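Shown next: structure.cif, containing mmCIF, C-alpha atoms.
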```cif
data_my_file
loop_
_atom_site.label_atom_id
_atom_site.label_comp_id
_atom_site.auth_asym_id
_atom_site.auth_seq_id
_atom_site.Cartn_x
_atom_site.Cartn_y
_atom_site.Cartn_z
CA MET A 1 11.58 53.21 -45.35
CA ALA A 2 12.03 52.23 -48.93
CA THR A 3 9.71 54.72 -50.54
CA ASP A 4 8.82 58.30 -50.02
CA VAL A 5 5.12 58.06 -50.65
CA HIS A 6 4.48 61.76 -50.98
CA SER A 7 7.17 62.47 -53.51
CA GLY A 8 6.91 59.08 -55.15
CA LYS A 9 10.66 58.64 -55.07
CA ILE A 10 11.91 55.16 -54.75
CA ASP A 11 15.13 54.17 -53.15
CA SER A 12 15.90 51.15 -55.24
CA GLN A 13 18.96 50.32 -53.20
CA ALA A 14 16.85 50.07 -50.11
CA ILE A 15 14.03 47.99 -51.50
CA TYR A 16 16.21 45.63 -53.48
CA PRO A 17 16.58 43.11 -50.63
CA THR A 18 12.84 43.28 -50.08
CA ILE A 19 12.24 42.47 -53.71
CA MET A 20 14.67 39.58 -53.51
CA HIS A 21 12.84 38.27 -50.50
CA SER A 22 9.43 38.69 -52.11
CA ALA A 23 10.38 36.97 -55.31
CA LYS A 24 11.90 34.08 -53.46
CA SER A 25 9.24 33.54 -50.86
CA LEU A 26 5.90 34.60 -52.20
CA GLY A 27 6.27 35.51 -55.83
CA THR A 28 4.27 38.63 -55.21
CA GLY A 29 3.91 40.90 -52.25
CA ARG A 30 3.91 44.41 -50.97
CA VAL A 31 6.99 46.52 -50.47
CA ALA A 32 7.08 47.32 -46.79
CA GLU A 33 5.22 50.46 -45.75
CA SER A 34 5.14 51.93 -49.21
CA GLY A 35 1.98 50.22 -50.32
CA LEU A 36 3.51 49.62 -53.71
CA THR A 37 2.96 46.08 -54.77
CA LEU A 38 5.68 44.17 -56.47
CA ARG A 39 4.33 42.11 -59.32
CA PRO A 40 7.18 39.92 -60.59
CA ASN A 41 4.87 37.92 -62.86
CA ALA A 42 7.85 36.02 -64.10
CA VAL A 43 9.42 39.23 -65.37
CA TYR A 44 12.41 38.87 -63.11
CA SER A 45 13.15 35.99 -60.85
CA ALA A 46 15.32 36.25 -57.79
CA GLU A 47 18.15 34.51 -59.60
CA GLU A 48 18.02 36.97 -62.47
CA LEU A 49 18.09 39.85 -60.06
CA ALA A 50 21.07 38.36 -58.32
CA GLU A 51 22.90 37.98 -61.61
CA ASP A 52 22.12 41.43 -62.86
CA PRO A 53 21.22 43.76 -60.02
CA GLU A 54 22.01 46.83 -62.15
CA GLY A 55 19.57 46.02 -64.87
CA TRP A 56 16.55 45.01 -62.87
CA SER A 57 13.22 46.46 -63.87
CA PRO A 58 10.46 45.33 -61.58
CA THR A 59 6.94 46.22 -62.52
CA TYR A 60 5.05 47.76 -59.72
CA GLN A 61 1.65 49.22 -59.58
CA SER A 62 -0.05 51.90 -57.63
CA ASN A 63 -2.58 50.75 -55.14
CA ASN A 64 -5.62 51.87 -57.00
CA GLY A 65 -4.51 49.88 -60.01
CA ALA A 66 -4.81 52.93 -62.24
CA SER A 67 -1.17 53.72 -62.88
CA ARG A 68 1.65 51.46 -63.77
CA TYR A 69 5.31 52.31 -63.80
CA GLN A 70 8.47 50.70 -65.01
CA GLU A 71 11.58 51.43 -63.10
CA HIS A 72 14.64 51.03 -65.23
CA SER A 73 17.37 52.53 -63.16
CA ARG A 74 18.26 52.99 -59.58
CA GLY A 75 16.77 55.99 -57.89
CA GLY A 76 14.20 56.58 -60.60
CA GLN A 77 11.01 58.55 -60.18
CA ALA A 78 7.93 56.49 -59.67
CA GLY A 79 5.45 59.26 -60.23
CA ASP A 80 3.46 61.55 -58.05
CA ASP A 81 0.02 60.02 -58.17
CA VAL A 82 0.82 56.89 -56.22
CA ASP A 83 -2.04 56.09 -53.93
CA ASP A 84 -1.15 53.55 -51.32
CA SER A 85 -4.47 53.29 -49.57
CA LYS A 86 -5.36 49.91 -51.13
CA PRO A 87 -3.43 47.15 -52.82
CA PRO A 88 -3.98 46.66 -56.56
CA GLY A 89 -7.08 44.86 -57.58
CA ARG A 90 -7.98 44.24 -53.98
CA SER A 91 -11.51 44.84 -52.92
CA THR A 92 -13.39 43.97 -49.80
CA LEU A 93 -14.29 40.66 -51.45
CA GLY A 94 -10.75 39.64 -52.38
CA TYR A 95 -8.30 39.80 -55.24
CA ASP A 96 -9.29 40.12 -58.84
CA GLU A 97 -7.84 37.62 -61.24
CA PRO A 98 -5.39 39.42 -63.54
CA ILE A 99 -6.57 39.34 -67.13
CA MET A 100 -3.78 38.12 -69.37
CA LEU A 101 -3.49 36.47 -72.74
CA THR A 102 -3.38 32.71 -72.72
CA GLN A 103 0.15 31.39 -72.76
CA SER A 104 -0.43 28.91 -75.52
CA THR A 105 0.79 28.44 -79.06
CA HIS A 106 -2.77 29.19 -80.18
CA SER A 107 -2.10 32.80 -79.20
CA PHE A 108 0.55 33.02 -81.91
CA LEU A 109 -2.33 33.02 -84.38
CA PHE A 110 -3.10 36.60 -83.45
CA THR A 111 0.16 37.88 -81.97
CA GLU A 112 2.34 36.89 -84.92
CA PRO A 113 2.20 37.75 -88.63
CA THR A 114 0.46 35.19 -90.83
CA CYS A 115 3.56 34.20 -92.77
CA SER A 116 5.92 33.58 -89.88
CA LEU A 117 7.50 30.58 -88.21
CA PRO A 118 5.56 30.91 -84.90
CA PHE A 119 2.28 31.17 -86.81
CA ALA A 120 3.11 28.04 -88.81
CA PHE A 121 4.14 26.33 -85.59
CA ALA A 122 0.81 27.21 -84.01
CA ILE A 123 -1.02 25.77 -87.03
CA LEU A 124 1.06 22.60 -86.74
CA VAL A 125 0.20 22.19 -83.06
CA ILE A 126 -3.49 22.71 -83.81
CA ILE A 127 -3.39 20.11 -86.58
CA ILE A 128 -1.65 17.63 -84.30
CA SER A 129 -4.19 18.18 -81.54
CA TYR A 130 -7.19 17.89 -83.85
CA VAL A 131 -5.81 14.83 -85.65
CA CYS A 132 -5.18 13.05 -82.35
CA LEU A 133 -8.70 13.85 -81.14
CA MET A 134 -10.23 12.71 -84.44
CA LEU A 135 -8.21 9.49 -84.42
CA ALA A 136 -9.43 8.79 -80.91
CA LEU A 137 -12.99 9.48 -82.02
CA LEU A 138 -12.86 7.32 -85.15
CA ASN A 139 -11.14 4.50 -83.35
CA ASN A 140 -13.78 4.54 -80.62
CA LEU A 141 -16.71 4.69 -82.99
CA LEU A 142 -15.74 2.63 -86.02
CA VAL A 143 -14.40 -0.42 -84.22
CA ASP A 144 -17.38 -2.77 -83.81
CA TRP A 145 -19.72 -0.12 -85.18
CA SER A 146 -23.36 -1.05 -85.67
CA SER A 147 -26.34 1.06 -86.60
CA ASP A 148 -28.35 0.13 -83.51
CA ASN A 149 -25.40 0.85 -81.20
CA PRO A 150 -23.35 3.62 -82.84
CA PHE A 151 -21.43 4.57 -79.68
CA ASN A 152 -20.48 0.95 -79.12
CA VAL A 153 -21.92 1.02 -75.60
CA PRO A 154 -21.37 -2.18 -73.60
CA VAL A 155 -24.39 -4.32 -72.77
CA GLY A 156 -24.15 -3.47 -69.12
CA VAL A 157 -21.69 -2.28 -66.52
CA THR A 158 -21.40 -2.80 -62.80
CA LEU A 159 -22.60 -0.22 -60.30
CA ASP A 160 -19.11 1.03 -59.45
CA VAL A 161 -18.36 1.68 -63.11
CA LYS A 162 -21.64 3.52 -63.51
CA ILE A 163 -20.87 5.77 -60.53
CA ALA A 164 -17.38 6.39 -61.91
CA GLN A 165 -18.90 7.35 -65.26
CA TYR A 166 -21.04 10.07 -63.69
CA LEU A 167 -18.12 11.34 -61.63
CA ALA A 168 -15.85 11.31 -64.68
CA LEU A 169 -18.26 13.58 -66.53
CA LEU A 170 -18.13 16.07 -63.68
CA ILE A 171 -14.36 15.83 -63.37
CA GLY A 172 -13.86 16.11 -67.11
CA LEU A 173 -16.03 19.20 -67.31
CA ILE A 174 -14.19 20.81 -64.41
CA MET A 175 -10.78 20.00 -65.88
CA GLU A 176 -11.72 21.24 -69.32
CA GLU A 177 -9.87 24.54 -69.70
CA GLU A 178 -10.25 25.57 -73.31
CA ILE A 179 -13.92 26.56 -73.23
CA PRO A 180 -14.02 28.58 -69.99
CA GLU A 181 -10.67 30.25 -70.63
CA SER A 182 -11.62 31.34 -74.13
CA LEU A 183 -14.98 32.62 -72.97
CA TYR A 184 -13.31 34.42 -70.07
CA LEU A 185 -10.99 36.29 -72.43
CA LEU A 186 -13.83 37.10 -74.80
CA ARG A 187 -15.82 38.38 -71.86
CA MET A 188 -13.06 40.45 -70.28
CA ILE A 189 -11.09 41.87 -73.20
CA SER A 190 -12.72 44.33 -75.51
CA LYS A 191 -11.36 45.63 -78.79
CA LYS A 192 -10.32 48.82 -77.08
CA THR A 193 -8.47 47.23 -74.17
CA LEU A 194 -6.75 44.82 -76.52
CA TYR A 195 -5.59 47.69 -78.67
CA ASN A 196 -4.33 49.58 -75.63
CA ARG A 197 -2.08 46.77 -74.48
CA ALA A 198 -1.25 45.08 -77.80
CA PRO A 199 -1.91 47.48 -80.68
CA PHE A 200 -0.44 45.09 -83.25
CA VAL A 201 -3.10 42.44 -82.56
CA VAL A 202 -6.03 42.23 -84.94
CA PHE A 203 -9.19 41.82 -82.87
CA GLY A 204 -10.79 39.55 -85.47
CA LYS A 205 -7.88 37.12 -85.23
CA PHE A 206 -8.21 37.19 -81.45
CA ILE A 207 -11.89 36.26 -81.73
CA PHE A 208 -11.12 33.54 -84.29
CA CYS A 209 -8.47 32.02 -82.05
CA ALA A 210 -10.84 31.99 -79.07
CA LEU A 211 -13.53 30.28 -81.16
CA LEU A 212 -10.99 27.73 -82.38
CA ARG A 213 -10.17 26.85 -78.79
CA ILE A 214 -13.84 26.59 -77.89
CA VAL A 215 -14.44 24.18 -80.77
CA MET A 216 -11.47 22.12 -79.68
CA GLY A 217 -12.84 22.04 -76.16
CA TYR A 218 -16.18 20.79 -77.40
CA VAL A 219 -14.56 18.17 -79.61
CA SER A 220 -12.73 16.90 -76.57
CA VAL A 221 -15.61 17.10 -74.10
CA ALA A 222 -18.56 16.04 -76.15
CA ILE A 223 -17.30 13.74 -78.84
CA SER A 224 -14.01 12.08 -78.19
CA MET B 12 -14.89 12.38 -73.39
CA PHE B 13 -18.55 11.41 -73.43
CA VAL B 14 -18.01 8.55 -75.88
CA VAL B 15 -14.98 7.34 -73.97
CA VAL B 16 -16.90 7.38 -70.69
CA VAL B 17 -19.98 5.53 -71.94
CA GLN B 18 -17.82 2.87 -73.58
CA ALA B 19 -15.84 2.12 -70.44
CA THR B 20 -16.24 -1.16 -68.63
CA ALA B 21 -13.70 -0.63 -65.84
CA VAL B 22 -13.31 2.22 -63.36
CA ILE B 23 -9.62 2.86 -63.87
CA ASP B 24 -10.05 2.85 -67.66
CA ILE B 25 -12.42 5.80 -67.35
CA PHE B 26 -9.91 7.94 -65.52
CA TYR B 27 -7.06 6.86 -67.79
CA ASP B 28 -9.07 7.94 -70.83
CA VAL B 29 -10.14 11.26 -69.34
CA LEU B 30 -6.52 11.92 -68.39
CA ALA B 31 -5.34 11.07 -71.89
CA LEU B 32 -7.74 13.59 -73.42
CA GLN B 33 -6.56 16.26 -71.01
CA PHE B 34 -3.02 15.55 -72.08
CA LEU B 35 -3.94 16.10 -75.71
CA GLN B 36 -5.45 19.46 -74.85
CA GLN B 37 -2.37 20.60 -73.02
CA VAL B 38 0.01 20.04 -75.90
CA ASP B 39 -0.21 23.69 -76.99
CA ASP B 40 0.54 24.98 -73.48
CA ILE B 41 3.52 22.66 -73.09
CA VAL B 42 4.92 23.62 -76.50
CA PHE B 43 4.56 27.29 -75.59
CA HIS B 44 6.56 26.89 -72.39
CA LEU B 45 9.19 24.84 -74.19
CA ALA B 46 9.43 27.62 -76.77
CA ARG B 47 10.04 30.09 -73.95
CA ARG B 48 12.97 27.99 -72.85
CA ASP B 49 14.53 28.30 -76.30
CA VAL B 50 13.89 24.66 -77.22
CA PHE B 51 12.48 25.51 -80.66
CA GLY B 52 14.84 28.31 -81.62
CA LYS B 53 15.24 32.03 -81.21
CA ARG B 54 12.24 33.06 -83.26
CA MET B 55 9.91 30.89 -81.22
CA LYS B 56 11.45 32.18 -78.02
CA LYS B 57 11.00 35.75 -79.17
CA ALA B 58 7.37 35.09 -80.09
CA SER B 59 6.60 33.41 -76.77
CA THR B 60 8.26 36.10 -74.65
CA ARG B 61 6.47 39.07 -76.14
CA THR B 62 5.41 41.61 -73.57
CA CYS B 63 1.75 41.17 -74.48
CA PHE B 64 1.81 37.76 -72.74
CA GLU B 65 2.72 39.47 -69.47
CA ALA B 66 0.49 42.49 -69.90
CA GLU B 67 -2.54 42.77 -67.69
CA PHE B 68 -5.64 43.91 -69.49
CA GLU B 69 -8.09 46.34 -68.07
CA LYS B 70 -11.26 44.76 -66.84
CA LEU B 71 -14.46 45.71 -68.57
CA PRO B 72 -17.15 47.15 -66.32
CA TYR B 73 -19.68 44.59 -65.18
CA SER B 74 -22.49 46.25 -67.11
CA ARG B 75 -20.69 45.49 -70.38
CA ARG B 76 -19.90 41.90 -69.58
CA LYS B 77 -23.06 41.01 -67.67
CA LYS B 78 -24.70 39.18 -70.56
CA MET B 79 -21.54 37.23 -71.33
CA THR B 80 -21.15 36.30 -67.66
CA ILE B 81 -24.68 34.92 -67.57
CA PHE B 82 -24.09 33.15 -70.87
CA VAL B 83 -20.97 31.41 -69.53
CA LYS B 84 -22.82 30.17 -66.46
CA VAL B 85 -25.75 28.95 -68.54
CA LEU B 86 -23.35 27.23 -70.94
CA TYR B 87 -21.68 25.37 -68.09
CA VAL B 88 -25.02 24.13 -66.80
CA VAL B 89 -26.17 23.18 -70.31
CA ASN B 90 -22.96 21.26 -71.01
CA LEU B 91 -23.30 19.37 -67.75
CA MET B 92 -26.99 18.66 -68.24
CA VAL B 93 -26.53 17.43 -71.82
CA MET B 94 -23.86 14.97 -70.78
CA LEU B 95 -25.73 13.80 -67.69
CA VAL B 96 -28.92 13.30 -69.67
CA GLY B 97 -26.98 11.43 -72.36
CA LEU B 98 -25.40 9.12 -69.80
CA THR B 99 -28.74 8.59 -68.08
CA ILE B 100 -30.40 7.62 -71.37
CA THR B 101 -27.55 5.19 -72.01
CA THR B 102 -27.97 3.75 -68.52
CA VAL B 103 -31.72 3.24 -69.00
CA LYS B 104 -31.10 1.50 -72.32
CA GLN B 105 -28.55 -0.76 -70.69
CA ILE B 106 -30.99 -1.69 -67.95
CA ARG B 107 -33.74 -2.34 -70.51
CA GLY B 108 -31.38 -4.59 -72.42
CA ASP B 109 -31.44 -2.55 -75.62
CA TYR B 110 -27.81 -3.32 -76.26
CA HIS B 111 -28.19 -7.08 -76.02
CA CYS B 112 -27.52 -8.88 -79.29
CA ASP B 113 -30.48 -9.96 -81.45
CA SER B 114 -28.80 -13.03 -82.93
CA ILE B 115 -25.75 -15.19 -82.41
CA THR B 116 -23.66 -16.55 -85.22
CA ALA B 117 -21.49 -19.53 -84.32
CA ILE B 118 -18.89 -20.69 -86.76
CA PHE B 119 -17.74 -24.24 -86.20
CA ASP B 120 -14.75 -25.81 -87.78
CA HIS B 121 -14.86 -29.03 -89.79
CA HIS B 122 -15.48 -31.21 -86.77
CA ILE B 123 -17.88 -34.06 -86.27
CA TRP B 124 -20.23 -34.09 -83.31
CA GLN B 125 -20.65 -37.72 -82.52
CA ASP B 126 -23.74 -39.19 -80.90
CA ALA B 127 -25.58 -35.89 -80.90
CA LEU B 128 -29.19 -36.04 -79.77
CA VAL B 129 -31.34 -34.79 -82.63
CA ARG B 130 -35.07 -34.26 -82.61
CA ASN B 131 -36.41 -35.73 -85.82
CA ALA B 132 -39.46 -34.73 -87.86
CA THR B 133 -41.82 -37.01 -85.93
CA GLY B 134 -40.83 -35.50 -82.58
CA GLY B 135 -38.67 -38.36 -81.49
CA VAL B 136 -35.07 -38.07 -80.43
CA GLU B 137 -32.33 -40.11 -82.03
CA LYS B 138 -28.57 -40.22 -81.91
CA MET B 139 -26.75 -38.99 -85.00
CA ASP B 140 -23.26 -37.93 -86.05
CA LEU B 141 -23.34 -34.28 -87.08
CA ILE B 142 -20.77 -32.63 -89.31
CA TYR B 143 -20.55 -28.97 -88.23
CA SER B 144 -19.80 -27.51 -91.62
CA TYR B 145 -22.99 -29.09 -93.03
CA PHE B 146 -25.15 -28.68 -89.96
CA SER B 147 -27.43 -25.65 -89.98
CA GLY B 148 -28.33 -25.94 -86.31
CA GLU B 149 -32.01 -26.64 -86.95
#
```
How would this structure read if it were set down as C-alpha cells?
Amino acid sequence: MATDVHSGKIDSQAIYPTIMHSAKSLGTGRVAESGLTLRPNAVYSAEELAEDPEGWSPTYQSNNGASRYQEHSRGGQAGDDVDDSKPPGRSTLGYDEPIMLTQSTHSFLFTEPTCSLPFAFAILVIIISYVCLMLALLNNLLVDWSSDNPFNVPVGVTLDVKIAQYLALLIGLIMEEEIPESLYLLRMISKKTLYNRAPFVVFGKFIFCALLRIVMGYVSVAIS
Amino acid sequence: MFVVVVQATAVIDIFYDVLALQFLQQVDDIVFHLARRDVFGKRMKKASTRTCFEAEFEKLPYSRRKKMTIFVKVLYVVNLMVMLVGLTITTVKQIRGDYHCDSITAIFDHHIWQDALVRNATGGVEKMDLIYSYFSGE
C-alpha cells in the first residue's frame, strides 16, 4: 500500500509508478487505496516526472477537500488529518468544477503590476481584439448604409437560411465564453478567497477585468 | 454576431462569420498559452506560469452566491430572448417587404434607343429614336 492512512505518511517511492500511470492515462485519479487524489493540473506531466523524479512535487488533496499538501521530497509527511472517506469535491451529485483564474492575457491586468511588460501585453491584446470587432462592426454597418435599413438586412432570404439564422444565434450564445466565465468567477470568488490564494491581487482590478471581458462578450454577441 | 447573422444570405456564410467572431475572442487565450511556452520571452512566461493560475479557489456557500446564480440564469434567458425577438422582427419586416427599395435609379450610357415606342401627349404611340443621356424616362 502506498500510504499509511492513519499516520499520514506517504511512501513516495511506492506511489511514484501510480502517479506516472495516472498522469499518462487519466490526467487525474486516485492513488490506490489511500484515498488521496492526485491532481496534476498541469503541474507535472509524466514526461517531467520521468526527467526529474527527484524533484517531483505532486499536489494532492485530502478527501474532504479541506486540507492541501505539497510534497517536496521523498518520504515526506502528508499530515495527520487526512480523511479518505470521500474524494475531493465529490458529492452524491457529482464532481464540483474547480474554481480557477481564467488562463487568459486579460488576467495579467490584475495579476501583474501596472507598469510591467505582461500588463502592457494584455492591454495590446485587448486593443487588438476590440479594434478587430469594431472594424467588423463598421464594415458591416457602413457599407450600403441607409437610414431605413441601418443593419443592411437583405430584402428576403430563403427558408433554409432563416432556419440557419435562428440556429446560429443559439450556437453563438452557447459558444460565447467571455460572459458566462466572467460571471462565474465573480459569483464564485469573493474578496476574501481571492486574498487567501493570491494576496497580491487587488480585488478592484479583478472586478474591472471581469467587467471588461463581459463588455467584450456583449460587443461580440450583440453588435458585431 | 446578431448583425452578421441578420445580414447573411447563405447558410455557410452564417457559420463562417460566427466562427470568425469566436476566433477573435480566443486571441487572448491563445496568446496566454503561447506565452507559457516561452514564445514571448521570459517575463511573459513567468507571468503566465504564476501559481495563482493553478490555484483552486474556495467555493462560496450557496447562500452568498444565490442571487448571482439566479442573475446569471436570467441574463442567459434575456440575451437569448432579445436576439430571438430581434431576428423575428427582422423576419416579419422581410416578409412584409419593408426592405424592398422605394425607387430605382438607372444610369444609361450615351446610347441611342432606336425605334422606341413612345406614348405621346395625345395618347397615341409612335416610334422615336431616344438618346439615353437626354431621356428622362417619362
Centre and edge lengths of an axis-aligned box around all listed atoms of region 181-194 of chain A, with 5 Å added on each side, are to be given in Å to one decimal, as AutoDock Vina command-line options.
```
--center_x -11.3 --center_y 39.5 --center_z -74.4 --size_x 19.1 --size_y 28.6 --size_z 18.7
```
Answer key for the PyMOL selection byres ((chain A and resi 197) around 7), residues as a PyMOL selection string: (chain A and resi 193-196+198-199) or (chain B and resi 63+66+68)
Evaluated on this file, the PyMOL selection byres ((chain B and resi 109) around 12) picks out some residues - which ones are they, written as a PDB file with C-alpha atoms, in the frame of the given file?
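Once everything was written out, this is expr32.pdb:
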```
ATOM      1  CA  ASP A 148     -28.350   0.130 -83.510  1.00  0.00           C
ATOM      2  CA  ASN A 149     -25.400   0.850 -81.200  1.00  0.00           C
ATOM      3  CA  VAL A 153     -21.920   1.020 -75.600  1.00  0.00           C
ATOM      4  CA  PRO A 154     -21.370  -2.180 -73.600  1.00  0.00           C
ATOM      5  CA  VAL A 155     -24.390  -4.320 -72.770  1.00  0.00           C
ATOM      6  CA  GLY A 156     -24.150  -3.470 -69.120  1.00  0.00           C
TER       7      GLY A 156
ATOM      8  CA  ILE B 100     -30.400   7.620 -71.370  1.00  0.00           C
ATOM      9  CA  THR B 101     -27.550   5.190 -72.010  1.00  0.00           C
ATOM     10  CA  THR B 102     -27.970   3.750 -68.520  1.00  0.00           C
ATOM     11  CA  VAL B 103     -31.720   3.240 -69.000  1.00  0.00           C
ATOM     12  CA  LYS B 104     -31.100   1.500 -72.320  1.00  0.00           C
ATOM     13  CA  GLN B 105     -28.550  -0.760 -70.690  1.00  0.00           C
ATOM     14  CA  ILE B 106     -30.990  -1.690 -67.950  1.00  0.00           C
ATOM     15  CA  ARG B 107     -33.740  -2.340 -70.510  1.00  0.00           C
ATOM     16  CA  GLY B 108     -31.380  -4.590 -72.420  1.00  0.00           C
ATOM     17  CA  TYR B 110     -27.810  -3.320 -76.260  1.00  0.00           C
ATOM     18  CA  HIS B 111     -28.190  -7.080 -76.020  1.00  0.00           C
ATOM     19  CA  CYS B 112     -27.520  -8.880 -79.290  1.00  0.00           C
ATOM     20  CA  ASP B 113     -30.480  -9.960 -81.450  1.00  0.00           C
TER      21      ASP B 113
END
```
Result set, the PyMOL selection byres ((chain A and resi 167-171) around 9) on current file, as JSON, numbers by chain: {"A": [162, 163, 164, 165, 166, 172, 173, 174, 175, 176, 221], "B": [12, 13, 16, 25, 26, 29, 91, 94, 95]}
Selection: 10 Å around Tyr87 (chain B), all atoms listed in the file, excl. self and same-chain fewer than 3 positions, as a ChimeraX atom specification: /A:173-174,179-180 /B:82-84,90-92
For CA of Leu124 (chain A) and CA of Asp39 (chain B), the interatomic separation in Å (one decimal):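 According to the coordinates, CA of Leu124 (chain A) and CA of Asp39 (chain B) are separated by 9.9 Å.
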Coordinates-based distance that separates CA of Glu181 (chain A) from CA of Val88 (chain B) (Å, one decimal):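 Calculated distance between CA of Val88 (chain B) and CA of Glu181 (chain A) is 16.1 Å.
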Interatomic distance (Å, one decimal) between CA of Leu186 (chain A) and CA of Ser74 (chain B): 14.8 Å
Surrounding residues of Gln36 (chain B) excluding itself and chain neighbours under 2 positions, 9 Å, all atoms listed in the file, as a ChimeraX atom specification: /A:129,176-178,216-217,220 /B:31-34,38-40
Nearby residues (all atoms listed in the file) at most 8 Å from region 138-145 of chain B, same-chain spacing under 3 positions excluded, as a list of chain:residue names: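 The residues satisfying every condition are B:Phe119, B:Asp120, B:His121, B:His122, B:Ile123, B:Trp124, B:Gln125, B:Asp126, B:Ala127, B:Leu128, B:Val129.
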Proximity to chain B - best of A:Phe110, A:Phe200, A:Val161, A:Leu185, all atoms listed in the file: A:Val161
